[in-house]
file target.cif (mmCIF, C-alpha atoms)
data_input
loop_
_atom_site.label_atom_id
_atom_site.label_comp_id
_atom_site.auth_asym_id
_atom_site.auth_seq_id
_atom_site.Cartn_x
_atom_site.Cartn_y
_atom_site.Cartn_z
CA MET N 11 -193.58 289.17 -107.29
CA PHE N 12 -195.14 286.87 -104.69
CA CYS N 13 -192.99 284.23 -103.03
CA PRO N 14 -194.94 281.62 -101.05
CA PRO N 15 -193.65 280.68 -97.60
CA PRO N 16 -191.69 277.46 -97.45
CA SER N 17 -193.79 274.41 -96.79
CA THR N 18 -193.75 272.93 -93.31
CA SER N 19 -192.18 269.71 -94.57
CA GLU N 20 -189.21 271.64 -95.96
CA SER N 21 -188.70 273.52 -92.68
CA VAL N 22 -188.95 270.27 -90.71
CA GLU N 23 -186.32 268.67 -92.94
CA ALA N 24 -184.03 271.66 -92.44
CA ALA N 25 -184.54 271.54 -88.68
CA GLU N 26 -183.74 267.79 -88.38
CA PRO N 27 -179.93 268.12 -88.55
CA LYS N 28 -180.06 270.96 -86.04
CA ARG N 29 -182.22 268.88 -83.65
CA GLU N 30 -179.86 265.93 -84.02
CA GLU N 31 -176.88 268.13 -83.23
CA GLN N 32 -178.68 269.51 -80.16
CA ALA N 33 -179.59 265.99 -79.03
CA LYS N 34 -175.99 264.87 -79.50
CA THR N 35 -174.79 267.82 -77.41
CA VAL N 36 -177.23 266.88 -74.63
CA CYS N 37 -175.99 263.27 -74.66
CA LEU N 38 -172.33 264.26 -74.66
CA ARG N 39 -172.90 266.62 -71.74
CA LEU N 40 -174.63 263.84 -69.80
CA LEU N 41 -171.86 261.37 -70.66
CA THR N 42 -169.23 263.84 -69.44
CA ALA N 43 -170.57 263.57 -65.89
CA ARG N 44 -170.65 259.74 -65.84
CA ALA N 45 -171.23 256.72 -68.05
CA ARG N 46 -174.87 256.12 -68.88
CA THR N 47 -176.93 253.42 -70.51
CA ARG N 48 -178.69 253.85 -73.82
CA ALA N 49 -182.05 253.74 -72.02
CA GLU N 50 -181.02 256.53 -69.62
CA LEU N 51 -179.95 258.77 -72.52
CA ALA N 52 -183.12 257.96 -74.47
CA GLY N 53 -185.18 258.88 -71.39
CA GLN N 54 -183.36 262.19 -71.01
CA LEU N 55 -183.87 263.04 -74.69
CA ALA N 56 -187.57 262.12 -74.47
CA LYS N 57 -187.92 264.28 -71.35
CA ARG N 58 -186.50 267.19 -73.33
CA GLY N 59 -188.98 266.64 -76.16
CA TYR N 60 -186.79 265.07 -78.84
CA PRO N 61 -188.67 262.78 -81.23
CA ASP N 62 -187.87 259.06 -81.10
CA ASP N 63 -186.41 258.99 -84.61
CA VAL N 64 -183.94 261.79 -83.80
CA SER N 65 -183.00 260.09 -80.51
CA ASP N 66 -182.49 256.74 -82.22
CA ARG N 67 -180.20 258.21 -84.87
CA VAL N 68 -178.12 260.11 -82.30
CA LEU N 69 -177.88 257.13 -79.94
CA ASP N 70 -176.93 254.83 -82.81
CA ARG N 71 -174.13 257.20 -83.81
CA LEU N 72 -172.87 257.41 -80.22
CA ALA N 73 -172.99 253.61 -79.87
CA THR N 74 -171.07 253.19 -83.14
CA ALA N 75 -168.46 255.63 -81.82
CA GLY N 76 -168.16 253.53 -78.65
CA LEU N 77 -169.52 256.19 -76.30
CA ILE N 78 -172.54 254.08 -75.30
CA ASP N 79 -171.94 250.45 -74.33
CA ASP N 80 -174.45 248.88 -71.94
CA THR N 81 -172.30 245.77 -71.43
CA ASP N 82 -169.27 247.80 -70.39
CA PHE N 83 -171.49 250.04 -68.25
CA ALA N 84 -172.96 247.03 -66.43
CA GLU N 85 -169.54 245.50 -65.74
CA GLN N 86 -168.17 248.79 -64.39
CA TRP N 87 -171.32 249.38 -62.33
CA VAL N 88 -171.13 245.92 -60.74
CA ARG N 89 -167.41 246.26 -59.97
CA SER N 90 -167.80 249.74 -58.47
CA ARG N 91 -170.96 249.10 -56.44
CA ARG N 92 -169.58 245.82 -55.02
CA GLU N 93 -166.31 247.43 -54.02
CA HIS N 94 -167.55 250.76 -52.68
CA ALA N 95 -171.11 250.06 -51.51
CA GLY N 96 -170.83 246.33 -50.78
CA LYS N 97 -173.91 245.48 -52.82
CA GLY N 98 -175.02 241.89 -53.34
CA ARG N 99 -176.17 240.24 -56.57
CA LYS N 100 -179.86 240.93 -56.01
CA ALA N 101 -179.38 244.65 -55.35
CA LEU N 102 -176.97 245.03 -58.28
CA ALA N 103 -179.43 243.36 -60.65
CA ALA N 104 -182.24 245.65 -59.43
CA GLU N 105 -180.08 248.76 -59.89
CA LEU N 106 -179.12 247.74 -63.43
CA ARG N 107 -182.78 247.07 -64.28
CA THR N 108 -183.69 250.60 -63.19
CA LYS N 109 -180.94 251.87 -65.51
CA GLY N 110 -182.59 250.07 -68.44
CA VAL N 111 -180.00 247.33 -68.93
CA ASP N 112 -181.21 244.13 -70.66
CA GLU N 113 -181.53 240.95 -68.59
CA ASP N 114 -178.91 239.13 -70.70
CA VAL N 115 -176.38 241.90 -70.09
CA ILE N 116 -177.20 241.89 -66.35
CA ALA N 117 -176.67 238.12 -66.18
CA GLY N 118 -173.33 238.48 -67.95
CA ALA N 119 -172.15 241.23 -65.62
CA LEU N 120 -173.14 239.24 -62.52
CA GLU N 121 -171.77 235.86 -63.61
CA GLY N 122 -168.36 236.66 -62.12
CA ILE N 123 -169.86 236.85 -58.63
CA ASP N 124 -170.18 233.37 -57.18
CA ALA N 125 -171.63 232.44 -53.78
CA ALA N 126 -168.19 232.33 -52.14
CA ALA N 127 -167.27 235.81 -53.37
CA GLU N 128 -170.60 237.18 -52.20
CA ARG N 129 -170.16 235.58 -48.79
CA ASP N 130 -166.61 236.98 -48.49
CA ARG N 131 -167.88 240.50 -49.19
CA ALA N 132 -170.69 240.08 -46.65
CA GLU N 133 -168.13 238.92 -44.05
CA GLN N 134 -165.99 241.99 -44.74
CA LEU N 135 -168.97 244.30 -44.26
CA VAL N 136 -170.08 242.64 -41.03
CA HIS N 137 -166.54 242.51 -39.67
CA ALA N 138 -166.09 246.25 -40.27
CA LYS N 139 -169.40 247.08 -38.56
CA LEU N 140 -168.82 244.72 -35.62
CA ARG N 141 -165.59 246.44 -34.64
CA ARG N 142 -167.62 249.54 -33.72
CA GLU N 143 -170.43 247.69 -31.92
CA THR N 144 -170.74 247.32 -28.17
CA LEU N 145 -171.44 243.69 -27.41
CA GLY N 146 -173.49 242.67 -24.40
CA ASP N 147 -174.98 239.50 -22.98
CA ASP N 148 -177.84 239.51 -25.46
CA ASP N 149 -176.83 240.54 -28.96
CA VAL N 150 -180.22 240.17 -30.62
CA LYS N 151 -180.33 243.87 -31.46
CA VAL N 152 -176.84 243.80 -33.00
CA THR N 153 -177.68 240.66 -34.96
CA ARG N 154 -180.93 242.12 -36.24
CA ARG N 155 -179.24 245.38 -37.23
CA LEU N 156 -176.41 243.62 -39.11
CA VAL N 157 -178.71 241.15 -40.90
CA ALA N 158 -180.92 244.07 -41.96
CA MET N 159 -177.88 245.96 -43.25
CA LEU N 160 -176.91 242.99 -45.43
CA ALA N 161 -180.50 242.47 -46.60
CA ARG N 162 -180.74 246.13 -47.69
CA ARG N 163 -177.60 245.60 -49.74
CA GLY N 164 -179.13 242.65 -51.57
CA TYR N 165 -177.72 239.64 -49.74
CA ASN N 166 -179.72 236.45 -49.20
CA PRO N 167 -181.30 236.63 -45.71
CA SER N 168 -180.31 233.11 -44.64
CA MET N 169 -176.71 233.65 -45.75
CA ALA N 170 -176.73 237.06 -44.03
CA TYR N 171 -177.87 235.52 -40.74
CA ASP N 172 -175.24 232.80 -41.01
CA VAL N 173 -172.47 235.33 -41.70
CA VAL N 174 -173.58 237.58 -38.84
CA SER N 175 -173.74 234.67 -36.38
CA THR N 176 -170.28 233.43 -37.39
CA GLU N 177 -168.70 236.88 -37.30
CA LEU N 178 -170.39 237.74 -33.99
CA ALA N 179 -168.98 234.58 -32.40
CA ALA N 180 -165.52 235.36 -33.81
CA GLU N 181 -165.69 238.95 -32.52
CA ARG N 182 -166.73 237.77 -29.03
CA GLU N 183 -163.78 235.37 -29.04
CA ARG N 184 -161.41 238.09 -30.24
CA ARG N 185 -162.52 240.48 -27.48
CA ARG N 186 -162.28 237.76 -24.85
CA VAL N 187 -158.55 237.25 -25.54
#

call {"tool": "encode", "arguments": {"input": "target.cif", "output": "C-alpha cells"}}
result
Amino acid sequence: MFCPPPSTSESVEAAEPKREEQAKTVCLRLLTARARTRAELAGQLAKRGYPDDVSDRVLDRLATAGLIDDTDFAEQWVRSRREHAGKGRKALAAELRTKGVDEDVIAGALEGIDAAAERDRAEQLVHAKLRRETLGDDDVKVTRRLVAMLARRGYNPSMAYDVVSTELAAERERRRV
C-alpha cells in the first residue's frame, strides 16, 4: 500500500503554530531584558527569518496582552533619558525615531517638556560640569566645550550658549566670594 507524502501546504500549515510559538518566545526573551517598541521586535523577528504574517500575528497578540505599548515606551524613554542622560527634546525625538516610534507618539511624549523645563535641565548639566572646570582669564575653551556638550545632547545652540554664559558668570562670582 502506497501512501503519498504530505503536501507542502499541509506541512506549512502544521509548522505555522510552531513558528508563531518560537517567534513569541523570541519576543518575550527580548522584552525580558528591557521594554521595546513594536518596530524593534518586528525588526528582530525579520532578522531571524520569520515571515511578516507570523510576526504580525505574534506582535498583535503581545500588544493585546499589554506587553507592547509604544506610547508607554516613549513616555518612559523620555523620562529616563532626560533624568539620567540629560537629553534635550531634539535628541530624544531622534532616539525615538530610530526605535521606530510614530511621530504622533513622539510628539505626545515630548509635550510635557516645555522651554523652561529644558532650560532648567541644561542649567543643571552645565552647573555640574562647571564645578570641575578650572577657570582662567579667557574661558573660550570652557565655553566651547560646554556648549558642544549641550548641543550633543540635543539642546538648541543659542539657548545652550546663553545658559553657559549665565552659568559661567555665576560660577566666577561664586569662586570670587

call {"tool": "resolve_selection", "arguments": {"input": "target.cif", "expression": "the PyMOL selection byres ((chain N and resi 127-144) around 10)", "output": "count of residues only"}}
result
37

call {"tool": "resolve_selection", "arguments": {"input": "target.cif", "expression": "the PyMOL selection byres ((chain N and resi 74-81) around 9)", "output": "list in words"}}
result
Leu38, Leu41, Ala45, Arg46, Thr47, Arg48, Leu69, Asp70, Arg71, Leu72, Ala73, Asp82, Phe83, Ala84, Glu85, Gln86, Gly110, Val111, Asp112, Val115, Ile116, Gly118 and Ala119 of chain N

call {"tool": "atom_distance", "arguments": {"input": "target.cif", "atom1": "CA of Leu51 (chain N)", "atom2": "CA of Lys100 (chain N)"}}
result
24.3 Å

call {"tool": "atom_distance", "arguments": {"input": "target.cif", "atom1": "CA of Ser168 (chain N)", "atom2": "CA of Glu121 (chain N)"}}
result
21.0 Å

call {"tool": "resolve_selection", "arguments": {"input": "target.cif", "expression": "the PyMOL selection byres ((chain N and resi 31) around 12)", "output": "compact mmCIF listing (two decimals) with C-alpha atoms, in the coordinates of the input"}}
result
# COMPACT_ATOMS: atom_id res chain seq x y z
CA ALA N 25 -184.54 271.54 -88.68
CA GLU N 26 -183.74 267.79 -88.38
CA PRO N 27 -179.93 268.12 -88.55
CA LYS N 28 -180.06 270.96 -86.04
CA ARG N 29 -182.22 268.88 -83.65
CA GLU N 30 -179.86 265.93 -84.02
CA GLN N 32 -178.68 269.51 -80.16
CA ALA N 33 -179.59 265.99 -79.03
CA LYS N 34 -175.99 264.87 -79.50
CA THR N 35 -174.79 267.82 -77.41
CA VAL N 36 -177.23 266.88 -74.63
CA CYS N 37 -175.99 263.27 -74.66
CA LEU N 38 -172.33 264.26 -74.66
CA TYR N 60 -186.79 265.07 -78.84
CA VAL N 64 -183.94 261.79 -83.80
CA SER N 65 -183.00 260.09 -80.51
CA ARG N 67 -180.20 258.21 -84.87
CA VAL N 68 -178.12 260.11 -82.30
CA LEU N 69 -177.88 257.13 -79.94
CA ARG N 71 -174.13 257.20 -83.81
CA LEU N 72 -172.87 257.41 -80.22

call {"tool": "closest_residue", "arguments": {"input": "target.cif", "among": "N:Tyr171, N:Arg39, N:Glu50, N:Val88", "to": "Arg155 (chain N)", "atoms": "only C-alpha atoms"}}
result
N:Tyr171

call {"tool": "decode", "arguments": {"input": "target.cif", "residues": "region 73-177 of chain N", "atoms": "C-alpha atoms", "output": "PDB file, in the first residue's frame"}}
result
ATOM      1  CA  ALA N  73       0.070  44.191  22.071  1.00  0.00           C
ATOM      2  CA  THR N  74      -3.376  42.913  23.070  1.00  0.00           C
ATOM      3  CA  ALA N  75      -1.817  41.410  26.208  1.00  0.00           C
ATOM      4  CA  GLY N  76      -0.267  44.805  27.007  1.00  0.00           C
ATOM      5  CA  LEU N  77       3.341  43.688  26.598  1.00  0.00           C
ATOM      6  CA  ILE N  78       3.977  46.056  23.674  1.00  0.00           C
ATOM      7  CA  ASP N  79       2.875  49.675  24.038  1.00  0.00           C
ATOM      8  CA  ASP N  80       4.786  52.264  22.018  1.00  0.00           C
ATOM      9  CA  THR N  81       3.126  55.184  23.825  1.00  0.00           C
ATOM     10  CA  ASP N  82       4.145  53.896  27.244  1.00  0.00           C
ATOM     11  CA  PHE N  83       7.617  53.048  25.902  1.00  0.00           C
ATOM     12  CA  ALA N  84       8.080  56.590  24.556  1.00  0.00           C
ATOM     13  CA  GLU N  85       6.986  58.211  27.829  1.00  0.00           C
ATOM     14  CA  GLN N  86       9.325  56.005  29.881  1.00  0.00           C
ATOM     15  CA  TRP N  87      12.185  56.565  27.427  1.00  0.00           C
ATOM     16  CA  VAL N  88      11.782  60.356  27.571  1.00  0.00           C
ATOM     17  CA  ARG N  89      11.577  60.394  31.379  1.00  0.00           C
ATOM     18  CA  SER N  90      14.609  58.123  31.795  1.00  0.00           C
ATOM     19  CA  ARG N  91      16.856  59.736  29.173  1.00  0.00           C
ATOM     20  CA  ARG N  92      16.077  63.262  30.440  1.00  0.00           C
ATOM     21  CA  GLU N  93      16.791  62.316  34.028  1.00  0.00           C
ATOM     22  CA  HIS N  94      19.856  60.118  33.579  1.00  0.00           C
ATOM     23  CA  ALA N  95      21.466  61.352  30.350  1.00  0.00           C
ATOM     24  CA  GLY N  96      20.192  64.942  30.336  1.00  0.00           C
ATOM     25  CA  LYS N  97      18.928  64.712  26.769  1.00  0.00           C
ATOM     26  CA  GLY N  98      17.065  67.587  25.128  1.00  0.00           C
ATOM     27  CA  ARG N  99      13.895  67.423  23.028  1.00  0.00           C
ATOM     28  CA  LYS N 100      15.704  67.164  19.702  1.00  0.00           C
ATOM     29  CA  ALA N 101      17.911  64.253  20.790  1.00  0.00           C
ATOM     30  CA  LEU N 102      15.002  62.437  22.436  1.00  0.00           C
ATOM     31  CA  ALA N 103      12.900  62.734  19.287  1.00  0.00           C
ATOM     32  CA  ALA N 104      15.775  61.395  17.170  1.00  0.00           C
ATOM     33  CA  GLU N 105      16.303  58.439  19.520  1.00  0.00           C
ATOM     34  CA  LEU N 106      12.605  57.553  19.453  1.00  0.00           C
ATOM     35  CA  ARG N 107      12.570  57.757  15.643  1.00  0.00           C
ATOM     36  CA  THR N 108      15.425  55.248  15.474  1.00  0.00           C
ATOM     37  CA  LYS N 109      13.359  52.955  17.705  1.00  0.00           C
ATOM     38  CA  GLY N 110      10.504  53.085  15.186  1.00  0.00           C
ATOM     39  CA  VAL N 111       8.062  55.181  17.216  1.00  0.00           C
ATOM     40  CA  ASP N 112       5.416  57.117  15.232  1.00  0.00           C
ATOM     41  CA  GLU N 113       5.694  60.911  15.039  1.00  0.00           C
ATOM     42  CA  ASP N 114       2.346  61.400  16.822  1.00  0.00           C
ATOM     43  CA  VAL N 115       3.502  59.263  19.744  1.00  0.00           C
ATOM     44  CA  ILE N 116       6.824  61.146  19.864  1.00  0.00           C
ATOM     45  CA  ALA N 117       5.010  64.490  19.948  1.00  0.00           C
ATOM     46  CA  GLY N 118       2.798  63.247  22.774  1.00  0.00           C
ATOM     47  CA  ALA N 119       5.739  62.011  24.812  1.00  0.00           C
ATOM     48  CA  LEU N 120       7.634  65.288  24.376  1.00  0.00           C
ATOM     49  CA  GLU N 121       4.728  67.660  25.004  1.00  0.00           C
ATOM     50  CA  GLY N 122       5.423  67.662  28.751  1.00  0.00           C
ATOM     51  CA  ILE N 123       8.823  69.248  28.182  1.00  0.00           C
ATOM     52  CA  ASP N 124       8.448  72.998  27.796  1.00  0.00           C
ATOM     53  CA  ALA N 125      11.217  75.514  27.114  1.00  0.00           C
ATOM     54  CA  ALA N 126      11.597  76.381  30.807  1.00  0.00           C
ATOM     55  CA  ALA N 127      11.996  72.733  31.819  1.00  0.00           C
ATOM     56  CA  GLU N 128      14.544  72.175  29.074  1.00  0.00           C
ATOM     57  CA  ARG N 129      16.491  75.255  30.135  1.00  0.00           C
ATOM     58  CA  ASP N 130      16.441  74.137  33.789  1.00  0.00           C
ATOM     59  CA  ARG N 131      17.901  70.755  32.831  1.00  0.00           C
ATOM     60  CA  ALA N 132      20.587  72.425  30.703  1.00  0.00           C
ATOM     61  CA  GLU N 133      21.493  74.689  33.646  1.00  0.00           C
ATOM     62  CA  GLN N 134      21.815  71.653  35.923  1.00  0.00           C
ATOM     63  CA  LEU N 135      24.139  69.924  33.456  1.00  0.00           C
ATOM     64  CA  VAL N 136      26.332  72.989  32.969  1.00  0.00           C
ATOM     65  CA  HIS N 137      26.437  73.725  36.697  1.00  0.00           C
ATOM     66  CA  ALA N 138      27.609  70.178  37.442  1.00  0.00           C
ATOM     67  CA  LYS N 139      30.345  70.357  34.781  1.00  0.00           C
ATOM     68  CA  LEU N 140      31.497  73.858  35.760  1.00  0.00           C
ATOM     69  CA  ARG N 141      32.257  72.811  39.316  1.00  0.00           C
ATOM     70  CA  ARG N 142      35.070  70.601  37.973  1.00  0.00           C
ATOM     71  CA  GLU N 143      36.446  73.143  35.484  1.00  0.00           C
ATOM     72  CA  THR N 144      39.475  75.333  36.049  1.00  0.00           C
ATOM     73  CA  LEU N 145      38.550  78.875  35.112  1.00  0.00           C
ATOM     74  CA  GLY N 146      41.122  81.281  33.744  1.00  0.00           C
ATOM     75  CA  ASP N 147      41.185  84.762  32.267  1.00  0.00           C
ATOM     76  CA  ASP N 148      39.905  83.554  28.906  1.00  0.00           C
ATOM     77  CA  ASP N 149      37.213  80.910  29.161  1.00  0.00           C
ATOM     78  CA  VAL N 150      36.573  80.453  25.447  1.00  0.00           C
ATOM     79  CA  LYS N 151      37.689  76.828  25.592  1.00  0.00           C
ATOM     80  CA  VAL N 152      35.424  76.068  28.567  1.00  0.00           C
ATOM     81  CA  THR N 153      32.504  77.833  26.890  1.00  0.00           C
ATOM     82  CA  ARG N 154      33.029  75.976  23.632  1.00  0.00           C
ATOM     83  CA  ARG N 155      33.310  72.633  25.428  1.00  0.00           C
ATOM     84  CA  LEU N 156      30.124  73.182  27.470  1.00  0.00           C
ATOM     85  CA  VAL N 157      28.075  74.468  24.519  1.00  0.00           C
ATOM     86  CA  ALA N 158      29.211  71.435  22.492  1.00  0.00           C
ATOM     87  CA  MET N 159      28.211  69.109  25.341  1.00  0.00           C
ATOM     88  CA  LEU N 160      24.702  70.590  25.377  1.00  0.00           C
ATOM     89  CA  ALA N 161      24.460  70.509  21.571  1.00  0.00           C
ATOM     90  CA  ARG N 162      25.377  66.800  21.529  1.00  0.00           C
ATOM     91  CA  ARG N 163      22.559  66.192  23.988  1.00  0.00           C
ATOM     92  CA  GLY N 164      20.026  67.858  21.703  1.00  0.00           C
ATOM     93  CA  TYR N 165      19.724  71.364  23.130  1.00  0.00           C
ATOM     94  CA  ASN N 166      19.178  74.427  20.943  1.00  0.00           C
ATOM     95  CA  PRO N 167      22.605  76.034  20.292  1.00  0.00           C
ATOM     96  CA  SER N 168      21.522  79.605  21.074  1.00  0.00           C
ATOM     97  CA  MET N 169      19.882  78.529  24.331  1.00  0.00           C
ATOM     98  CA  ALA N 170      22.954  76.431  25.154  1.00  0.00           C
ATOM     99  CA  TYR N 171      25.268  79.417  24.661  1.00  0.00           C
ATOM    100  CA  ASP N 172      23.016  81.611  26.791  1.00  0.00           C
ATOM    101  CA  VAL N 173      22.903  79.024  29.599  1.00  0.00           C
ATOM    102  CA  VAL N 174      26.671  78.512  29.510  1.00  0.00           C
ATOM    103  CA  SER N 175      27.357  82.266  29.595  1.00  0.00           C
ATOM    104  CA  THR N 176      24.981  82.793  32.524  1.00  0.00           C
ATOM    105  CA  GLU N 177      26.283  79.819  34.497  1.00  0.00           C
TER     106      GLU N 177
END
